[in-house]
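As stored in upload28.txt (compact mmCIF, C-alpha atoms):
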# COMPACT_ATOMS: atom_id res chain seq x y z
CA MET A 254 -6.90 40.53 15.24
CA LYS A 255 -8.58 37.26 16.12
CA ARG A 256 -8.99 36.41 12.40
CA PHE A 257 -5.31 37.20 11.77
CA SER A 258 -4.26 34.86 14.60
CA LEU A 259 -6.44 32.09 13.18
CA ILE A 260 -4.85 32.44 9.74
CA LYS A 261 -1.38 32.34 11.34
CA LYS A 262 -2.32 29.16 13.19
CA HIS A 263 -3.56 27.51 9.98
CA ARG A 264 -0.36 28.46 8.16
CA LEU A 265 1.74 27.16 11.03
CA LEU A 266 -0.20 23.88 10.99
CA GLY A 267 0.49 23.56 7.25
CA ILE A 268 4.21 24.12 7.86
CA LEU A 269 4.26 21.57 10.69
CA ILE A 270 2.50 18.98 8.54
CA SER A 271 4.95 19.60 5.71
CA GLN A 272 7.91 19.33 8.08
CA CYS A 273 6.47 16.17 9.61
CA SER A 274 6.10 14.64 6.15
CA SER A 275 9.69 15.41 5.19
CA LYS A 276 11.26 14.64 8.58
CA TYR A 277 9.61 11.30 9.17
CA PRO A 278 8.99 9.64 5.78
CA PRO A 279 7.28 7.43 4.89
CA LYS A 280 5.03 7.36 8.00
CA CYS A 281 3.62 10.23 10.01
CA THR A 282 0.48 10.16 12.12
CA VAL A 283 -0.35 13.78 11.25
CA MET A 284 -0.90 12.97 7.58
CA VAL A 285 -4.06 11.25 6.30
CA CYS A 286 -2.06 8.72 4.26
CA SER A 287 -0.70 5.68 6.06
CA ILE A 288 2.20 4.04 4.22
CA ASP A 289 3.77 0.67 4.90
CA ILE A 290 7.06 -0.11 3.13
CA SER A 291 7.78 -3.81 3.61
CA GLU A 292 10.96 -3.96 1.52
CA LYS A 293 13.58 -1.54 0.20
CA PRO A 294 14.88 -3.03 -3.05
CA THR A 295 17.81 -1.58 -4.98
CA LEU A 296 16.35 -0.56 -8.33
CA ASN A 297 17.96 0.51 -11.59
CA ASP A 298 16.58 3.90 -12.68
CA PRO A 299 12.99 2.60 -12.35
CA ILE A 300 10.01 3.83 -14.36
CA LEU A 301 6.77 4.38 -12.43
CA ILE A 302 3.69 3.01 -14.22
CA GLU A 303 0.38 4.33 -12.88
CA GLY A 304 -2.47 1.82 -12.98
CA LEU A 305 -5.42 2.99 -10.86
CA PRO A 306 -9.13 2.62 -11.76
CA GLY A 307 -10.22 5.04 -14.47
CA ILE A 308 -12.36 5.46 -17.56
CA GLY A 309 -12.78 1.96 -19.00
CA PHE A 310 -10.53 0.75 -16.16
CA VAL A 311 -7.79 0.58 -18.78
CA ALA A 312 -4.94 1.37 -16.39
CA ASN A 313 -6.23 -1.11 -13.79
CA ILE A 314 -6.25 -3.98 -16.29
CA VAL A 315 -2.79 -3.03 -17.58
CA ALA A 316 -1.37 -2.90 -14.06
CA ILE A 317 -2.78 -6.21 -12.82
CA HIS A 318 -1.71 -7.94 -16.04
CA LEU A 319 1.85 -6.62 -15.75
CA ILE A 320 2.00 -7.67 -12.09
CA LYS A 321 0.96 -11.21 -12.97
CA GLU A 322 3.00 -11.65 -16.14
CA LEU A 323 6.20 -10.09 -14.77
CA LYS A 324 5.81 -11.67 -11.32
CA ALA A 325 6.10 -8.25 -9.71
CA LYS A 326 6.78 -8.08 -5.97
CA LEU A 327 4.66 -6.05 -3.57
CA PHE A 328 6.71 -3.66 -1.43
CA VAL A 329 4.46 -0.72 -0.50
CA GLN A 330 0.86 -0.46 0.74
CA ILE A 331 -0.96 2.87 1.02
CA PHE A 332 -4.15 3.59 2.97
CA SER A 333 -5.86 6.98 3.01
CA SER A 334 -8.77 8.66 4.77
CA SER A 335 -9.65 10.01 1.31
CA PHE A 336 -10.49 6.50 0.08
CA GLN A 337 -14.02 5.07 0.33
CA ASP A 338 -15.30 4.69 3.87
CA PHE A 339 -16.13 0.99 3.91
CA ALA A 340 -14.64 -2.51 3.71
CA ILE A 341 -15.83 -5.53 1.74
CA THR A 342 -16.23 -8.84 3.54
CA THR A 343 -14.76 -11.99 2.04
CA GLY A 344 -16.10 -15.53 1.99
CA ASP A 345 -13.90 -16.61 4.89
CA GLY A 346 -14.98 -13.74 7.11
CA GLY A 347 -12.08 -11.45 6.31
CA ALA A 348 -12.26 -7.90 4.99
CA ARG A 349 -10.85 -6.07 1.97
CA THR A 350 -10.31 -2.33 2.23
CA PRO A 351 -9.70 0.42 -0.34
CA ILE A 352 -5.96 0.38 -0.94
CA ASN A 353 -3.13 1.39 -3.26
CA GLU A 354 -0.04 -0.75 -3.73
CA LEU A 355 3.38 -0.46 -5.33
CA TYR A 356 5.10 -3.45 -6.92
CA TYR A 357 8.60 -3.64 -8.34
CA VAL A 358 10.06 -5.57 -11.25
CA LYS A 359 13.81 -6.01 -11.74
CA ARG A 360 14.93 -6.45 -15.37
CA ASP A 361 18.29 -7.55 -16.72
CA GLY A 362 19.86 -4.90 -18.93
CA GLU A 363 16.81 -2.59 -18.82
CA ARG A 364 15.37 -0.03 -16.46
CA ASP A 365 13.40 -1.56 -13.60
CA LEU A 366 9.69 -0.91 -13.08
CA ILE A 367 7.49 0.30 -10.23
CA ILE A 368 3.84 -0.59 -10.87
CA TRP A 369 1.24 1.50 -9.03
CA TYR A 370 -1.92 -0.58 -8.59
CA GLY A 371 -5.03 -0.07 -6.47
CA ASN A 372 -8.78 -0.52 -6.22
CA THR A 373 -9.50 3.20 -5.89
CA GLN A 374 -8.32 6.72 -6.45
CA ALA A 375 -8.85 9.29 -3.70
CA LEU A 376 -12.33 10.82 -3.53
CA THR A 377 -11.28 14.42 -2.84
CA THR A 378 -9.07 16.91 -4.61
CA VAL A 379 -6.82 17.25 -1.57
CA GLY A 380 -6.67 13.49 -1.26
CA GLN A 381 -5.68 13.09 -4.91
CA TYR A 382 -2.81 15.53 -4.63
CA GLU A 383 -1.60 14.03 -1.37
CA LEU A 384 -1.77 10.50 -2.79
CA VAL A 385 0.23 11.43 -5.89
CA GLY A 386 2.71 13.37 -3.78
CA LYS A 387 3.28 10.41 -1.47
CA VAL A 388 3.73 7.95 -4.34
CA LEU A 389 6.17 10.26 -6.11
CA ASP A 390 8.07 10.70 -2.82
CA ILE A 391 8.46 6.94 -2.56
CA ALA A 392 9.29 6.48 -6.24
CA GLN A 393 12.00 9.14 -6.08
CA GLU A 394 13.39 7.54 -2.93
CA PHE A 395 14.02 4.44 -5.05
CA GLY A 396 15.65 6.41 -7.86
CA CYS A 397 12.67 6.96 -10.17
CA ARG A 398 12.90 9.87 -12.62
CA PHE A 399 10.21 8.91 -15.15
CA VAL A 400 6.43 8.41 -14.89
CA VAL A 401 3.95 6.84 -17.31
CA SER A 402 0.28 7.37 -16.50
CA ILE A 403 -2.44 5.35 -18.20
CA GLY A 404 -6.12 6.11 -18.64
CA GLY A 405 -9.16 6.01 -20.87
CA PHE A 406 -10.39 8.68 -23.27
CA LYS A 407 -14.19 8.58 -23.35
CA LYS A 408 -15.77 7.84 -26.72
CA ASP A 409 -19.41 7.01 -27.47
CA GLU A 410 -18.65 3.76 -29.29
CA ALA A 411 -16.02 1.05 -28.98
CA GLN A 412 -13.45 0.94 -31.77
CA PRO A 413 -11.63 -2.21 -32.97
CA ILE A 414 -8.36 -0.27 -33.07
CA PRO A 415 -8.70 2.57 -30.54
CA GLY A 416 -6.83 5.82 -30.82
CA ILE A 417 -4.18 6.60 -28.18
CA TYR A 418 -3.46 10.14 -27.00
CA SER A 419 -0.64 11.60 -24.94
CA THR A 420 0.42 14.60 -22.94
CA ALA A 421 3.89 14.97 -21.43
CA THR A 422 6.05 16.91 -19.03
CA ASP A 423 8.14 18.46 -21.83
CA LEU A 424 8.43 18.60 -25.62
CA GLU A 425 11.26 16.08 -25.85
CA THR A 426 9.28 13.49 -23.89
CA MET A 427 6.17 14.34 -25.90
CA GLN A 428 8.05 13.47 -29.08
CA GLN A 429 8.99 10.12 -27.57
CA ALA A 430 5.29 9.45 -26.97
CA LEU A 431 4.38 10.53 -30.50
CA ASP A 432 7.03 8.20 -31.89
CA LEU A 433 5.08 5.34 -30.28
CA GLY A 434 2.13 6.16 -32.52
CA THR A 435 0.10 8.32 -30.15
CA LYS A 436 -1.65 11.61 -30.92
CA VAL A 437 -1.52 14.89 -29.01
CA MET A 438 -4.15 15.05 -26.27
CA VAL A 439 -6.10 18.31 -26.42
CA GLY A 440 -8.19 19.25 -23.40
CA HIS A 441 -8.27 18.23 -19.75
CA VAL A 442 -6.82 15.08 -18.21
CA PHE A 443 -8.64 14.61 -14.91
CA GLY A 444 -7.71 12.46 -11.96
CA ILE A 445 -4.49 10.61 -11.22
CA ALA A 446 -3.59 10.20 -14.90
CA GLY A 447 -3.31 13.98 -15.24
CA ILE A 448 -2.10 14.96 -11.77
CA SER A 449 0.78 12.45 -11.79
CA ILE A 450 2.25 13.95 -14.97
CA GLY A 451 1.69 17.52 -13.78
CA MET A 452 3.32 16.90 -10.40
CA ALA A 453 6.16 14.96 -11.99
CA LYS A 454 7.02 18.06 -14.00
CA ILE A 455 7.09 20.21 -10.86
CA ARG A 456 9.58 17.77 -9.34
CA ASP A 457 11.87 17.89 -12.40
CA MET A 458 10.83 14.37 -13.34
CA LYS A 459 9.79 13.41 -16.86
CA GLY A 460 6.87 11.39 -18.13
CA PHE A 461 3.91 11.02 -20.45
CA SER A 462 0.36 9.71 -20.38
CA LEU A 463 -1.28 7.07 -22.56
CA LEU A 464 -5.03 7.72 -22.90
CA VAL A 465 -6.91 5.13 -24.95
CA ASP A 466 -10.29 5.47 -26.66
CA THR A 467 -12.99 3.58 -24.72
CA PRO A 468 -16.76 3.77 -24.12
CA GLY A 469 -15.75 3.78 -20.46
CA MET A 470 -18.71 2.05 -18.84
CA ASN A 471 -17.09 -1.31 -18.06
CA PRO A 472 -13.57 -2.80 -17.98
CA ASP A 473 -12.30 -2.47 -21.57
CA VAL A 474 -9.88 -5.30 -22.31
CA ASN A 475 -9.36 -4.23 -25.94
CA ALA A 476 -8.31 -0.72 -24.90
CA ALA A 477 -5.97 -2.23 -22.29
CA LYS A 478 -4.46 -4.44 -24.99
CA TYR A 479 -3.47 -1.46 -27.12
CA ALA A 480 -2.20 0.42 -24.07
CA LEU A 481 0.04 -2.56 -23.26
CA ILE A 482 1.29 -2.83 -26.83
CA THR A 483 2.21 0.87 -26.87
CA LEU A 484 3.75 0.75 -23.40
CA GLY A 485 5.72 -2.33 -24.41
CA LYS A 486 7.32 -0.44 -27.28
CA TYR A 487 8.64 2.20 -24.91
CA LEU A 488 9.80 -0.27 -22.26
CA PHE A 489 11.28 -2.78 -24.74
CA LEU A 490 8.91 -5.25 -23.14
CA ASP A 491 7.13 -8.13 -24.87
CA VAL A 492 4.19 -9.05 -22.66
CA ASP A 493 2.09 -12.16 -23.27
CA LEU A 494 -1.45 -10.91 -23.93
CA SER A 495 -3.14 -14.32 -23.98
CA GLY A 496 -4.29 -13.94 -20.37
CA LEU A 497 -5.57 -10.40 -20.74
CA GLU A 498 -9.25 -11.43 -20.70
CA ALA A 499 -8.64 -13.13 -17.35
CA SER A 500 -7.06 -9.91 -16.04
CA GLY A 501 -10.13 -8.00 -17.21
CA ASP A 502 -12.43 -10.46 -15.44
CA GLU A 503 -10.39 -10.09 -12.25
CA ILE A 504 -10.77 -6.31 -12.36
CA LYS A 505 -14.49 -6.63 -13.06
CA LYS A 506 -15.02 -8.91 -10.04
CA MET A 507 -13.10 -6.51 -7.83
CA LEU A 508 -15.16 -3.55 -9.05
CA GLU A 509 -18.43 -5.43 -8.60
CA SER A 510 -17.48 -6.26 -5.01
CA PHE A 511 -17.02 -2.54 -4.38
CA GLY A 512 -20.28 -1.71 -6.17
CA VAL A 513 -18.53 0.39 -8.83
CA VAL A 514 -19.62 -1.32 -12.04
CA ARG A 515 -23.20 -1.75 -10.87
CA SER A 516 -23.59 1.87 -9.81
CA ILE A 517 -22.32 3.19 -13.13
CA THR A 518 -24.77 1.02 -15.06
CA GLU A 519 -27.74 1.98 -12.91
CA GLU A 520 -27.02 5.72 -12.81
CA LYS A 521 -25.91 6.69 -16.30
CA LYS A 522 -27.19 10.22 -15.80
CA LYS A 523 -24.67 10.72 -13.00
CA GLU A 524 -21.77 9.36 -15.01
CA GLU A 525 -19.70 12.56 -14.94
CA GLN A 526 -19.81 12.81 -11.15
CA GLN A 527 -19.16 9.11 -10.56
CA LEU A 528 -16.23 8.95 -12.96
CA ARG A 529 -14.68 12.21 -11.73
CA TRP A 530 -12.30 10.26 -9.48
CA PHE A 531 -11.43 7.69 -12.13
CA ILE A 532 -9.85 8.76 -15.43
Will you turn the file into structure tokens for me?
Amino acid sequence: MKRFSLIKKHRLLGILISQCSSKYPPKCTVMVCSIDISEKPTLNDPILIEGLPGIGFVANIVAIHLIKELKAKLFVQIFSSSFQDFAITTGDGGARTPINELYYVKRDGERDLIIWYGNTQALTTVGQYELVGKVLDIAQEFGCRFVVSIGGFKKDEAQPIPGIYSTATDLETMQQALDLGTKVMVGHVFGIAGISIGMAKIRDMKGFSLLVDTPGMNPDVNAAKYALITLGKYLFLDVDLSGLEASGDEIKKMLESFGVVRSITEEKKKEEQQLRWFI
């Protein structure tokens, strides 16, 4: 009887949390994600582009480069108790914390963009699902119906022209990805790159992933280049790639400050566990 009551209490708590999330978006003290929306732009059928750290940090480089080249505007900041439990001090005595951000880009005559950038994914399974759920909530609030996730596909050696693989929410969208020159991804897509497409499908959204061949140990500018070229075809977007090396260096410095690049190099035997939250 006592066990039954405990189960009922846990279920009730889950219902209350769910109701709190839906009744008081985008902030609710019960949830572990804290969300700050600084602006509510009017967007034209925006496409969400996921760009969090992953294998080869391909998505991260793509996201920061798009933000710089398109002069994207920051409008959402997300903090989570599932992010790393530390802050990095800066030269002037300030502090940088693990964070995710959403930027928007308005385009004349084309669908607008929401770029999802951050210096971390969540470190737990629950945290990953909550993070994706919150971002999709926000994206849908601004009229988003389509998601593109980006990631790396681990290969032993770097390739001059890397292969690009896709998975999608439905066959029609998959064909759109294949028409861009990608191949069908066979196997598992871990982390945000996979979860975002899977959860988009549950919400009746559409989308596909772009997973690029990369050795995966350090920021791979070449893989990011081909991801950008392929993404540009779909978005009808011609992005200047001349500053891509600088974007890669920026990502590398950020990762070094958080100890990510160094730890991967020093502990190759633990690569699977350390990269579990990337992809």
Fill in the blank from the handout: Separating CA of Gln393 in chain A from CA of Lys486 in chain A, to the nearest tenth of an Å, is a gap of 23.7 Å
Problem - Spatial neighbours of Pro306 in chain A, 8 Å, all atoms listed in the file, chain gap at least 2 places, as a ChimeraX atom specification - result: /A:304,308,310-313,371-374,531-532
Save out the residues we just selected, C-alpha atoms, as a short mmCIF file (atom, residue, chain, number, x, y, z; two decimals), keeping the file's coordinate frame.
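So the final result, stored in out35.cif, reads:
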data_model
loop_
_atom_site.label_atom_id
_atom_site.label_comp_id
_atom_site.auth_asym_id
_atom_site.auth_seq_id
_atom_site.Cartn_x
_atom_site.Cartn_y
_atom_site.Cartn_z
CA GLY A 304 -2.47 1.82 -12.98
CA ILE A 308 -12.36 5.46 -17.56
CA PHE A 310 -10.53 0.75 -16.16
CA VAL A 311 -7.79 0.58 -18.78
CA ALA A 312 -4.94 1.37 -16.39
CA ASN A 313 -6.23 -1.11 -13.79
CA GLY A 371 -5.03 -0.07 -6.47
CA ASN A 372 -8.78 -0.52 -6.22
CA THR A 373 -9.50 3.20 -5.89
CA GLN A 374 -8.32 6.72 -6.45
CA PHE A 531 -11.43 7.69 -12.13
CA ILE A 532 -9.85 8.76 -15.43
#
Practice task
Rounded to one decimal place, report the CA of Val379 in chain A-CA of Val285 in chain A distance in Å.
Solution key: 10.3 Å
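Closest approach to Tyr487 in chain A from the set A:Asp473, A:Asp423, A:Glu363, A:Glu394 is made by A:Glu363, with distances taken over only C-alpha atoms.
Picture a line from CA of Pro413 in chain A to CA of Gly469 in chain A; it runs 14.5 Å.
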Problem - Ile314 in chain A environment, 10 Å, only C-alpha atoms, sequence neighbours closer than 4 positions dropped, as a list in words - result: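 Non-adjacent residues within range: Gly304, Leu305, Pro306, Gly309, Phe310, His318, Leu319, Ile320, Tyr370, Pro472, Asp473, Val474, Ala476, Ala477, Lys478, Ala480, Leu481, Leu497, Glu498, Ala499, Ser500, Gly501, Asp502, Glu503, Ile504 and Lys505 of chain A.
When only C-alpha atoms are used to measure the gap to Gly405 in chain A, the shortest distance among A:Gly447, A:Gly485, A:Gly347, A:Gly362 belongs to A:Gly447.
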